[in-house]
file my_file_20.txt (compact mmCIF, C-alpha atoms)
# COMPACT_ATOMS: atom_id res chain seq x y z
CA MET E 1 155.63 121.68 64.64
CA SER E 2 152.01 120.67 65.07
CA GLU E 3 150.80 118.89 68.19
CA ARG E 4 150.00 115.74 66.18
CA ALA E 5 153.46 115.79 64.54
CA LEU E 6 155.06 116.22 67.95
CA PHE E 7 153.21 113.18 69.25
CA ALA E 8 154.19 111.23 66.11
CA GLU E 9 157.85 112.10 66.63
CA ARG E 10 157.60 110.73 70.15
CA GLY E 11 155.92 107.59 68.86
CA LYS E 12 152.52 108.41 70.30
CA VAL E 13 149.53 109.38 68.18
CA PRO E 14 146.61 110.77 70.16
CA THR E 15 143.42 108.82 69.74
CA VAL E 16 140.31 110.58 68.53
CA PRO E 17 137.48 110.07 71.01
CA LYS E 18 134.80 107.82 69.57
CA ARG E 19 131.54 109.64 69.11
CA SER E 20 128.81 108.16 71.25
CA PRO E 21 125.82 106.92 69.23
CA LEU E 22 123.43 107.57 72.12
CA LEU E 23 122.82 111.27 71.41
CA PRO E 24 121.95 110.69 67.73
CA ILE E 25 119.68 107.74 68.59
CA PHE E 26 117.96 109.87 71.26
CA LEU E 27 117.30 112.62 68.71
CA ILE E 28 116.04 110.07 66.20
CA VAL E 29 113.63 108.44 68.67
CA LEU E 30 112.49 111.84 69.95
CA VAL E 31 111.63 113.10 66.47
CA ASP E 32 109.87 109.80 65.66
CA ILE E 33 107.75 110.07 68.80
CA PHE E 34 106.91 113.70 68.03
CA GLY E 35 105.51 112.49 64.72
CA LEU E 36 103.48 109.75 66.42
CA THR E 37 102.04 111.89 69.21
CA ILE E 38 101.07 114.67 66.84
CA ILE E 39 98.42 112.51 65.16
CA ILE E 40 97.10 110.60 68.21
CA PRO E 41 94.63 113.32 69.34
CA LEU E 42 93.00 113.78 65.91
CA LEU E 43 93.16 110.42 64.09
CA SER E 44 89.66 109.22 65.01
CA ILE E 45 88.02 112.58 64.35
CA TYR E 46 89.99 112.85 61.10
CA ALA E 47 88.54 109.48 60.03
CA GLU E 48 85.03 110.70 60.83
CA HIS E 49 85.44 113.39 58.16
CA PHE E 50 85.60 110.54 55.63
CA GLY E 51 82.37 109.02 56.92
CA ALA E 52 83.86 106.56 59.42
CA THR E 53 81.64 105.16 62.15
CA PRO E 54 83.10 105.07 65.70
CA LEU E 55 84.05 101.41 65.19
CA GLN E 56 85.72 102.13 61.84
CA ALA E 57 87.59 105.04 63.42
CA THR E 58 88.93 103.05 66.38
CA LEU E 59 89.77 100.09 64.14
CA LEU E 60 92.53 102.25 62.67
CA VAL E 61 94.42 101.65 65.93
CA SER E 62 93.72 97.89 65.79
CA VAL E 63 94.89 97.60 62.16
CA TYR E 64 98.12 99.45 62.94
CA ALA E 65 98.78 97.28 66.02
CA LEU E 66 98.07 94.04 64.14
CA CYS E 67 100.49 94.98 61.35
CA GLN E 68 103.09 95.94 63.94
CA LEU E 69 102.63 92.69 65.85
CA VAL E 70 103.36 90.67 62.71
CA SER E 71 106.11 92.82 61.23
CA ALA E 72 108.16 93.99 64.23
CA PRO E 73 109.86 90.60 64.90
CA LEU E 74 110.58 90.22 61.18
CA LEU E 75 112.14 93.69 61.01
CA GLY E 76 114.12 92.96 64.15
CA LYS E 77 115.55 89.76 62.74
CA ALA E 78 116.31 91.51 59.45
CA SER E 79 118.23 94.15 61.38
CA ASP E 80 120.25 91.35 63.01
CA ARG E 81 121.18 90.14 59.54
CA PHE E 82 121.64 93.34 57.54
CA GLY E 83 122.52 95.85 60.24
CA ARG E 84 120.59 98.29 62.43
CA LYS E 85 121.02 101.48 60.42
CA PRO E 86 119.68 100.25 57.02
CA LEU E 87 116.58 98.71 58.62
CA LEU E 88 116.01 101.78 60.78
CA VAL E 89 116.04 103.95 57.64
CA ALA E 90 113.66 101.56 55.87
CA SER E 91 111.29 101.66 58.84
CA GLN E 92 111.40 105.45 58.96
CA VAL E 93 110.70 105.70 55.22
CA GLY E 94 107.59 103.55 55.74
CA THR E 95 106.44 105.89 58.51
CA LEU E 96 107.00 108.92 56.26
CA LEU E 97 105.03 107.37 53.38
CA GLY E 98 102.21 106.47 55.77
CA PHE E 99 101.98 110.03 57.09
CA LEU E 100 102.04 111.56 53.61
CA LEU E 101 99.28 109.24 52.40
CA LEU E 102 97.26 110.04 55.51
CA ALA E 103 97.60 113.79 54.92
CA ARG E 104 96.61 113.44 51.26
CA ALA E 105 93.76 110.96 51.85
CA THR E 106 90.49 111.63 50.06
CA THR E 107 88.65 108.44 51.07
CA LEU E 108 88.49 106.24 54.15
CA TRP E 109 90.30 103.35 52.46
CA MET E 110 93.31 105.64 51.92
CA VAL E 111 93.31 106.40 55.65
CA TYR E 112 93.35 102.68 56.38
CA LEU E 113 96.09 102.04 53.82
CA SER E 114 98.24 104.73 55.44
CA ARG E 115 97.98 103.00 58.82
CA ILE E 116 98.74 99.60 57.27
CA ILE E 117 101.91 100.97 55.65
CA ASP E 118 103.00 102.63 58.89
CA GLY E 119 102.21 99.56 60.99
CA ALA E 120 103.92 97.14 58.61
CA THR E 121 107.16 99.13 58.87
CA ALA E 122 106.79 100.10 62.54
CA GLY E 123 110.15 98.89 63.77
CA ASN E 124 111.67 102.29 64.56
CA ILE E 125 111.69 101.99 68.34
CA SER E 126 112.57 98.29 68.56
CA ILE E 127 115.48 98.69 66.11
CA ALA E 128 116.64 101.77 68.04
CA GLN E 129 116.57 99.63 71.20
CA ALA E 130 118.64 97.00 69.43
CA TYR E 131 121.14 99.66 68.36
CA ILE E 132 121.49 100.89 71.94
CA SER E 133 121.94 97.32 73.16
CA ASP E 134 124.69 96.74 70.59
CA ASN E 135 126.53 99.91 71.62
CA SER E 136 126.18 99.83 75.40
CA GLU E 137 128.07 97.87 78.02
CA ALA E 138 125.85 95.59 80.10
CA LYS E 139 126.45 97.71 83.21
CA ASP E 140 125.32 100.88 81.39
CA ARG E 141 122.39 99.42 79.48
CA THR E 142 119.62 100.39 81.90
CA LYS E 143 120.83 103.99 81.94
CA SER E 144 121.10 103.99 78.16
CA PHE E 145 117.56 102.70 77.71
CA ALA E 146 116.29 105.47 79.98
CA LEU E 147 116.92 107.77 77.00
CA ILE E 148 113.97 106.19 75.19
CA GLY E 149 111.77 106.76 78.24
CA ILE E 150 112.80 110.43 78.29
CA ALA E 151 112.04 110.74 74.57
CA PHE E 152 108.58 109.23 75.10
CA GLY E 153 107.87 111.65 77.94
CA LEU E 154 108.91 114.70 75.91
CA GLY E 155 107.02 113.43 72.88
CA PHE E 156 103.74 112.97 74.73
CA PHE E 157 104.11 116.50 76.10
CA VAL E 158 105.23 118.42 73.01
CA GLY E 159 103.39 116.44 70.30
CA PRO E 160 99.81 117.08 71.45
CA PHE E 161 100.54 120.77 72.07
CA LEU E 162 101.81 121.08 68.49
CA THR E 163 98.59 119.46 67.29
CA GLY E 164 96.50 121.86 69.35
CA TYR E 165 98.28 124.80 67.72
CA LEU E 166 98.41 123.48 64.15
CA VAL E 167 94.86 122.15 63.92
CA ALA E 168 93.69 125.77 63.55
CA TYR E 169 95.10 125.54 60.00
CA GLY E 170 93.11 122.38 59.18
CA LEU E 171 93.01 118.77 60.29
CA SER E 172 95.73 117.77 57.83
CA ALA E 173 98.18 120.44 59.04
CA PRO E 174 99.40 118.42 62.06
CA ILE E 175 99.80 115.35 59.83
CA TYR E 176 102.02 117.31 57.45
CA ALA E 177 104.02 118.38 60.51
CA ALA E 178 104.35 114.72 61.51
CA SER E 179 105.58 113.99 57.98
CA ALA E 180 108.19 116.73 58.32
CA MET E 181 109.29 115.27 61.66
CA SER E 182 109.61 111.85 60.05
CA ALA E 183 111.68 113.24 57.18
CA ALA E 184 113.93 115.03 59.69
CA SER E 185 114.36 111.74 61.55
CA ILE E 186 115.54 110.05 58.34
CA VAL E 187 118.07 112.83 57.76
CA CYS E 188 119.31 112.51 61.36
CA THR E 189 119.75 108.76 60.91
CA LEU E 190 121.66 109.11 57.63
CA LEU E 191 123.95 111.91 58.79
CA LEU E 192 124.41 111.40 62.53
CA LEU E 193 124.10 107.71 63.29
CA PRO E 194 127.33 105.71 62.91
CA ARG E 195 126.87 102.43 61.09
CA THR E 196 127.87 99.50 63.28
CA GLU E 197 128.92 96.04 62.28
CA ARG E 198 126.22 93.41 62.04
CA PRO E 199 126.04 91.24 65.15
CA ALA E 200 128.14 88.15 64.58
CA ALA E 201 126.15 84.96 64.06
CA SER E 202 128.35 83.19 66.56
CA ALA E 203 128.11 85.90 69.18
CA PRO E 204 127.28 84.60 72.66
CA VAL E 205 123.72 85.08 73.87
CA ALA E 206 124.42 84.95 77.58
CA ASP E 207 123.94 88.69 77.95
CA VAL E 208 121.22 89.59 75.52
CA GLY E 209 119.61 92.94 76.17
CA PRO E 210 116.36 94.34 74.81
CA GLY E 211 117.90 94.29 71.39
CA GLY E 212 118.39 90.53 71.52
CA ARG E 213 116.48 87.53 70.20
CA ARG E 214 112.90 88.23 69.20
CA LEU E 215 109.96 85.87 69.06
CA ALA E 216 107.83 85.71 65.96
CA ILE E 217 104.07 85.91 66.39
CA PHE E 218 103.48 82.20 65.77
CA GLU E 219 106.25 80.82 68.01
CA TRP E 220 103.75 79.60 70.60
CA LYS E 221 106.08 76.98 72.12
CA ALA E 222 108.73 79.62 72.74
CA TYR E 223 106.23 81.85 74.55
CA ALA E 224 104.75 79.14 76.77
CA PRO E 225 107.53 78.76 79.39
CA TYR E 226 107.29 82.40 80.39
CA PHE E 227 103.61 82.00 81.31
CA THR E 228 104.30 79.03 83.59
CA ARG E 229 106.53 80.92 86.06
CA PRO E 230 104.42 82.06 89.02
CA VAL E 231 105.83 85.57 89.47
CA LEU E 232 106.71 86.38 85.87
CA SER E 233 103.38 85.16 84.49
CA GLY E 234 101.55 87.35 87.01
CA LEU E 235 103.59 90.39 86.02
CA LEU E 236 102.95 89.76 82.32
CA ALA E 237 99.21 89.49 83.05
CA GLN E 238 99.33 92.76 85.02
CA PHE E 239 101.07 94.47 82.12
CA PHE E 240 98.46 93.14 79.67
CA PHE E 241 95.53 94.48 81.69
CA TYR E 242 97.29 97.80 82.17
CA ALA E 243 97.85 97.96 78.40
CA LEU E 244 94.19 97.02 77.83
CA CYS E 245 93.09 99.86 80.13
CA PHE E 246 95.47 102.37 78.52
CA SER E 247 94.54 101.34 74.96
CA THR E 248 90.82 101.57 75.72
CA PHE E 249 91.33 105.15 76.87
CA THR E 250 93.72 106.37 74.16
CA SER E 251 91.85 104.79 71.23
CA GLY E 252 88.43 106.06 72.24
CA PHE E 253 89.00 109.25 74.23
CA ALA E 254 88.77 111.68 71.31
CA LEU E 255 85.40 110.25 70.23
CA PHE E 256 84.20 110.13 73.85
CA ALA E 257 85.21 113.74 74.50
CA GLU E 258 83.68 114.97 71.24
CA ARG E 259 80.32 113.50 72.27
CA ARG E 260 80.39 114.34 75.97
CA PHE E 261 82.04 117.75 76.50
CA THR E 262 81.55 121.27 75.19
CA TRP E 263 83.92 124.23 75.14
CA GLU E 264 82.74 127.79 74.51
CA GLY E 265 79.39 126.54 73.28
CA HIS E 266 80.58 123.86 70.83
CA PRO E 267 81.64 120.21 71.14
CA VAL E 268 85.32 119.88 71.94
CA THR E 269 87.61 119.61 68.93
CA PRO E 270 91.06 118.06 68.42
CA ARG E 271 92.45 121.39 69.64
CA GLU E 272 91.04 121.05 73.16
CA ILE E 273 91.69 117.29 73.23
CA SER E 274 95.32 117.88 72.25
CA TYR E 275 95.91 120.43 74.98
CA LEU E 276 94.45 118.09 77.58
CA LEU E 277 96.69 115.22 76.45
CA GLY E 278 99.66 117.61 76.47
CA TYR E 279 98.85 118.44 80.09
CA VAL E 280 98.81 114.72 80.91
CA GLY E 281 102.17 114.37 79.15
CA LEU E 282 103.61 117.19 81.27
CA LEU E 283 102.47 115.42 84.44
CA GLY E 284 104.14 112.27 83.16
CA ILE E 285 107.46 114.09 82.67
CA ILE E 286 107.31 115.46 86.22
CA LEU E 287 106.48 112.06 87.68
CA GLN E 288 108.96 109.96 85.70
CA GLY E 289 111.71 112.58 85.63
CA PHE E 290 111.70 113.72 89.25
CA LEU E 291 109.49 111.61 91.52
CA ILE E 292 109.38 107.96 90.53
CA GLY E 293 112.89 107.14 91.78
CA ARG E 294 112.12 108.57 95.21
CA LEU E 295 108.75 106.81 95.33
CA VAL E 296 110.34 103.45 94.49
CA LYS E 297 112.95 103.89 97.23
CA ARG E 298 110.34 104.81 99.82
CA PHE E 299 107.44 102.48 99.01
CA GLY E 300 108.86 99.74 96.76
CA GLU E 301 107.79 98.77 93.26
CA SER E 302 105.02 96.34 94.27
CA ALA E 303 103.24 98.95 96.39
CA LEU E 304 103.53 101.49 93.57
CA VAL E 305 101.96 99.06 91.10
CA SER E 306 98.94 98.62 93.37
CA ALA E 307 98.66 102.38 93.88
CA GLY E 308 98.91 102.94 90.12
CA PHE E 309 96.05 100.56 89.40
CA ILE E 310 93.93 102.18 92.14
CA SER E 311 94.44 105.63 90.62
CA LEU E 312 93.29 104.33 87.21
CA ILE E 313 90.23 102.68 88.74
CA VAL E 314 89.24 105.88 90.55
CA GLY E 315 89.98 108.09 87.55
CA TYR E 316 88.01 106.10 84.99
CA VAL E 317 85.08 105.38 87.33
CA ILE E 318 84.72 109.16 87.77
CA LEU E 319 85.24 109.74 84.04
CA GLY E 320 82.18 107.61 83.15
CA PRO E 321 79.49 110.12 84.26
CA CYS E 322 81.78 113.17 83.99
CA ARG E 323 80.24 116.04 81.98
CA ASP E 324 82.25 119.20 82.70
CA ILE E 325 85.79 120.29 81.84
CA PRO E 326 87.08 121.04 85.39
CA MET E 327 86.13 117.52 86.49
CA LEU E 328 87.78 116.12 83.34
CA ILE E 329 91.03 117.89 84.28
CA LEU E 330 90.81 116.36 87.78
CA VAL E 331 90.22 112.89 86.29
CA SER E 332 93.20 113.37 83.96
CA THR E 333 95.40 114.36 86.90
CA ILE E 334 94.39 111.28 88.91
CA SER E 335 94.79 108.82 86.04
CA SER E 336 98.11 110.33 84.91
CA PHE E 337 99.65 109.08 88.15
CA GLY E 338 98.68 105.50 87.31
CA ASN E 339 99.86 105.73 83.72
CA GLY E 340 103.12 107.39 84.76
CA ILE E 341 103.84 104.75 87.39
CA LEU E 342 102.68 101.49 85.87
CA ARG E 343 104.48 101.20 82.53
CA PRO E 344 108.04 101.80 83.79
CA THR E 345 107.51 99.95 87.06
CA LEU E 346 105.93 96.84 85.53
CA SER E 347 108.58 96.79 82.79
CA SER E 348 111.28 96.95 85.45
CA LEU E 349 109.71 94.12 87.47
CA VAL E 350 109.35 91.95 84.36
CA SER E 351 112.99 92.56 83.51
CA GLN E 352 114.11 91.74 87.05
CA ASN E 353 112.29 88.40 86.94
CA ALA E 354 113.94 87.29 83.69
CA GLY E 355 117.44 85.91 83.37
CA PRO E 356 120.22 87.93 81.68
CA GLY E 357 119.91 85.89 78.49
CA GLU E 358 116.12 86.32 78.42
CA GLN E 359 115.87 90.11 78.52
CA GLY E 360 115.31 90.58 74.80
CA VAL E 361 112.67 87.84 74.56
CA VAL E 362 110.73 88.88 77.68
CA LEU E 363 110.68 92.58 76.86
CA GLY E 364 109.71 91.66 73.31
CA LEU E 365 106.89 89.56 74.77
CA ASN E 366 105.82 92.62 76.76
CA GLN E 367 105.60 94.57 73.50
CA GLY E 368 103.61 91.74 71.95
CA LEU E 369 101.09 91.85 74.80
CA ASN E 370 100.86 95.61 74.33
CA SER E 371 100.06 95.10 70.64
CA VAL E 372 97.38 92.49 71.45
CA ALA E 373 95.77 94.97 73.85
CA GLN E 374 95.89 97.64 71.14
CA ILE E 375 94.09 95.26 68.79
CA LEU E 376 91.31 94.24 71.19
CA ALA E 377 90.57 97.44 73.14
CA PRO E 378 89.70 99.70 70.15
CA ILE E 379 87.21 97.12 68.82
CA LEU E 380 85.26 97.00 72.08
CA GLY E 381 85.56 100.76 72.56
CA GLY E 382 84.35 101.50 69.04
CA VAL E 383 81.28 99.28 69.51
CA LEU E 384 80.35 100.89 72.84
CA ILE E 385 80.85 104.46 71.63
CA GLY E 386 78.89 103.66 68.47
CA LEU E 387 76.01 102.51 70.69
CA SER E 388 76.34 105.75 72.75
CA GLN E 389 77.41 103.74 75.81
CA LEU E 390 79.93 106.37 76.83
CA THR E 391 79.84 105.73 80.56
CA LEU E 392 80.19 101.98 80.04
CA TRP E 393 83.19 102.65 77.77
CA ALA E 394 85.00 104.47 80.58
CA TRP E 395 84.04 101.78 83.09
CA ILE E 396 85.47 99.07 80.84
CA ALA E 397 88.85 100.81 81.21
CA ALA E 398 88.29 100.91 84.99
CA ALA E 399 87.38 97.19 84.98
CA ALA E 400 90.63 96.30 83.19
CA ALA E 401 92.55 98.30 85.82
CA PHE E 402 90.62 96.49 88.58
CA VAL E 403 91.66 93.08 87.23
CA GLY E 404 95.25 94.33 87.10
CA TYR E 405 94.96 95.45 90.74
CA LEU E 406 93.67 92.02 91.84
CA LEU E 407 96.55 90.34 90.02
CA ALA E 408 99.02 92.73 91.68
CA ARG E 409 97.65 91.96 95.14
CA TRP E 410 97.71 88.22 94.42
CA GLY E 411 101.26 88.46 93.12
CA SER E 412 102.44 90.39 96.19
CA ALA E 413 100.99 87.70 98.45
CA LEU E 414 102.54 84.93 96.33
CA VAL E 415 106.14 86.19 96.29
CA PRO E 416 106.98 85.51 99.99
CA HIS E 417 105.72 81.90 99.67
CA ILE E 418 107.82 81.31 96.53
CA ARG E 419 110.91 82.74 98.19
CA ALA E 420 110.31 80.60 101.29
CA GLU E 421 110.09 77.49 99.08
CA GLU E 422 113.32 78.48 97.32
CA ARG E 423 115.11 78.90 100.66
CA ALA E 424 113.79 75.54 101.80
CA ARG E 425 115.18 73.84 98.68
CA THR E 426 118.60 75.54 99.08
CA PRO E 427 121.09 73.30 100.96
CA THR E 428 122.51 74.86 104.11
CA GLY E 429 126.02 74.65 105.38

call {"tool": "encode", "arguments": {"input": "my_file_20.txt", "output": "structure tokens"}}
result
Amino acid sequence: MSERALFAERGKVPTVPKRSPLLPIFLIVLVDIFGLTIIIPLLSIYAEHFGATPLQATLLVSVYALCQLVSAPLLGKASDRFGRKPLLVASQVGTLLGFLLLARATTLWMVYLSRIIDGATAGNISIAQAYISDNSEAKDRTKSFALIGIAFGLGFFVGPFLTGYLVAYGLSAPIYAASAMSAASIVCTLLLLPRTERPAASAPVADVGPGGRRLAIFEWKAYAPYFTRPVLSGLLAQFFFYALCFSTFTSGFALFAERRFTWEGHPVTPREISYLLGYVGLLGIILQGFLIGRLVKRFGESALVSAGFISLIVGYVILGPCRDIPMLILVSTISSFGNGILRPTLSSLVSQNAGPGEQGVVLGLNQGLNSVAQILAPILGGVLIGLSQLTLWAWIAAAAAFVGYLLARWGSALVPHIRAEERARTPTG
């Protein structure tokens, strides 16, 4: 008699353990990020091969971010209505079509169209976050969302190194690899990801995680209250200036490096740029995977935010006049500390200063500020690089970090006063 029959005879049928959706969603996000980070080091230089000016090349980032800013809330709300899995597949198909068009482009307008298609369907990560939120208990949600952070870290390490290797076969070779990654992600979603029920319309919103209610781009009245809270508004402003600094660097670095540095007697190419960004990604994995928890326990999040901004200021001030590769590696090492610290720490502080039912909206607002920074920074960077103001370009990134540092110091001084006022208003006895 089989084991199952034996259990049935005794009136007990063993339950089959439910497969966790977190491993498939991790693989899906990881493959998506591989595809994204493969093209980051070469996109601007790729556009130059079609006659793009520095401004036209950096505007590719702005166009993508603008499309994402408009479409992401719409895709998120559609996923609430029709289910996470179908919208995730639709978003991934858009990414795949964008990559294929980019690889096959013969004119600059085709390059732009590819980024518009990708940006207009760029809901992969936010829908994946919603899926995790739907399938995680509140007490486990922070740990579950750490999977996306791990995927980002691995992606920013492996992706650029793949580009550095593949670019030897032509500038379009890494883009075809990104297309293959995107296609593999679609297959993973279709075969591995369980389809969950659509969130009920009457479901309570008291414990909405990052997959919860999203604000559309024109819902100004819904945004306003979050910018009137003393601590939260300061944190959102810090995140914006960090994002402005980071976007200035990432959107313009390839063009800056191509014009400023040489390697073995020729201007640096996407190959050298990719390996440098891969090195920065490796430092990020070490910092976020092994050190940041200990640093938070020892120094506290507020002190780490200030230290992160200082490292970016120092790094980008040195980068401005930098003209040799060893110094560039030193600058990258210094600035990688700030980038590795600030995004997770500021996101954590923002989350801590929002109520349980506000998590989805506030973290969505964070993403909106990130998109606004990605729209503005490439425009300014493209103009400066086009005018050969390379040092000023780097110092603009340092200036954004300096404003973030001032806001962090002001916020740290403000918190004790706010808490004292709250204690004073609380009845005793």

call {"tool": "closest_residue", "arguments": {"input": "my_file_20.txt", "among": "E:Ile329, E:Val61, E:Val89, E:Val403", "to": "Val111 of chain E", "atoms": "only C-alpha atoms"}}
result
E:Val61

call {"tool": "residues_near_point", "arguments": {"input": "my_file_20.txt", "point": "(120.0, 113.6, 64.5)", "cutoff": "12 Å", "atoms": "only C-alpha atoms", "output": "list in words"}}
result
Pro21, Leu22, Leu23, Pro24, Ile25, Phe26, Leu27, Ile28, Val29, Leu30, Val31, Asp32, Met181, Ser182, Ala183, Ala184, Ser185, Ile186, Val187, Cys188, Thr189, Leu190, Leu191, Leu192, Leu193 and Pro194 of chain E

call {"tool": "closest_residue", "arguments": {"input": "my_file_20.txt", "among": "E:Pro54, E:Gly119, E:Gly368, E:Gly35", "to": "Gly382 of chain E", "atoms": "all atoms listed in the file"}}
result
E:Pro54

call {"tool": "atom_distance", "arguments": {"input": "my_file_20.txt", "atom1": "atom CA of Ala180 of chain E", "atom2": "atom CA of Arg104 of chain E"}}
result
14.0 Å

call {"tool": "atom_distance", "arguments": {"input": "my_file_20.txt", "atom1": "atom CA of Leu59 of chain E", "atom2": "atom CA of Asp118 of chain E"}}
result
14.5 Å

call {"tool": "atom_distance", "arguments": {"input": "my_file_20.txt", "atom1": "atom CA of Ala47 of chain E", "atom2": "atom CA of Asn366 of chain E"}}
result
29.4 Å

call {"tool": "closest_residue", "arguments": {"input": "my_file_20.txt", "among": "E:Gly289, E:Pro174, E:Gly364, E:Gly381", "to": "Tyr226 of chain E", "atoms": "all atoms listed in the file"}}
result
E:Gly364

call {"tool": "closest_residue", "arguments": {"input": "my_file_20.txt", "among": "E:Leu291, E:Leu319, E:Leu312, E:Val280", "to": "Arg260 of chain E", "atoms": "only C-alpha atoms"}}
result
E:Leu319

call {"tool": "closest_residue", "arguments": {"input": "my_file_20.txt", "among": "E:Gln288, E:Phe161, E:Gly155, E:Phe246", "to": "Ala399 of chain E", "atoms": "only C-alpha atoms"}}
result
E:Phe246

call {"tool": "residues_around", "arguments": {"input": "my_file_20.txt", "residues": "Pro326 of chain E", "least_positions_apart": "4", "cutoff": "12 Å", "atoms": "only C-alpha atoms", "output": "MDAnalysis selection string"}}
result
chainID E and resid 261:263 276 319 322 330:333

call {"tool": "closest_atom_pairs", "arguments": {"input": "my_file_20.txt", "of": "segment 286-335 of chain E", "to": "segment 348-352 of chain E", "cutoff": "10 Å", "atoms": "all atoms listed in the file", "output": "JSON lines"}}
result
{"residue": "E:Glu301", "atom": "CA", "partner": "E:Leu349", "partner_atom": "CA", "distance": 7.7}
{"residue": "E:Ser302", "atom": "CA", "partner": "E:Leu349", "partner_atom": "CA", "distance": 8.6}
{"residue": "E:Val305", "atom": "CA", "partner": "E:Leu349", "partner_atom": "CA", "distance": 9.9}

call {"tool": "write_last_selection", "arguments": {"input": "my_file_20.txt", "atoms": "C-alpha atoms", "output": "PDB file, in the frame of the given file"}}
result
ATOM      1  CA  GLU E 301     107.790  98.770  93.260  1.00  0.00           C
ATOM      2  CA  SER E 302     105.020  96.340  94.270  1.00  0.00           C
ATOM      3  CA  VAL E 305     101.960  99.060  91.100  1.00  0.00           C
TER       4      VAL E 305
END

call {"tool": "closest_residue", "arguments": {"input": "my_file_20.txt", "among": "E:Glu48, E:Asp80, E:Glu258, E:Glu272", "to": "Leu162 of chain E", "atoms": "all atoms listed in the file"}}
result
E:Glu272

call {"tool": "decode", "arguments": {"input": "my_file_20.txt", "residues": "segment 273-284 of chain E", "atoms": "C-alpha atoms", "output": "PDB file, in the first residue's frame"}}
result
ATOM      1  CA  ILE E 273      33.774  51.803 -18.901  1.00  0.00           C
ATOM      2  CA  SER E 274      31.872  48.551 -18.331  1.00  0.00           C
ATOM      3  CA  TYR E 275      34.664  46.972 -16.324  1.00  0.00           C
ATOM      4  CA  LEU E 276      34.914  50.050 -14.117  1.00  0.00           C
ATOM      5  CA  LEU E 277      31.155  50.029 -13.449  1.00  0.00           C
ATOM      6  CA  GLY E 278      31.361  46.298 -12.736  1.00  0.00           C
ATOM      7  CA  TYR E 279      34.040  47.033 -10.134  1.00  0.00           C
ATOM      8  CA  VAL E 280      31.737  49.614  -8.538  1.00  0.00           C
ATOM      9  CA  GLY E 281      28.945  47.022  -8.545  1.00  0.00           C
ATOM     10  CA  LEU E 282      31.206  44.533  -6.764  1.00  0.00           C
ATOM     11  CA  LEU E 283      31.964  47.103  -4.060  1.00  0.00           C
ATOM     12  CA  GLY E 284      28.228  47.667  -3.696  1.00  0.00           C
TER      13      GLY E 284
END
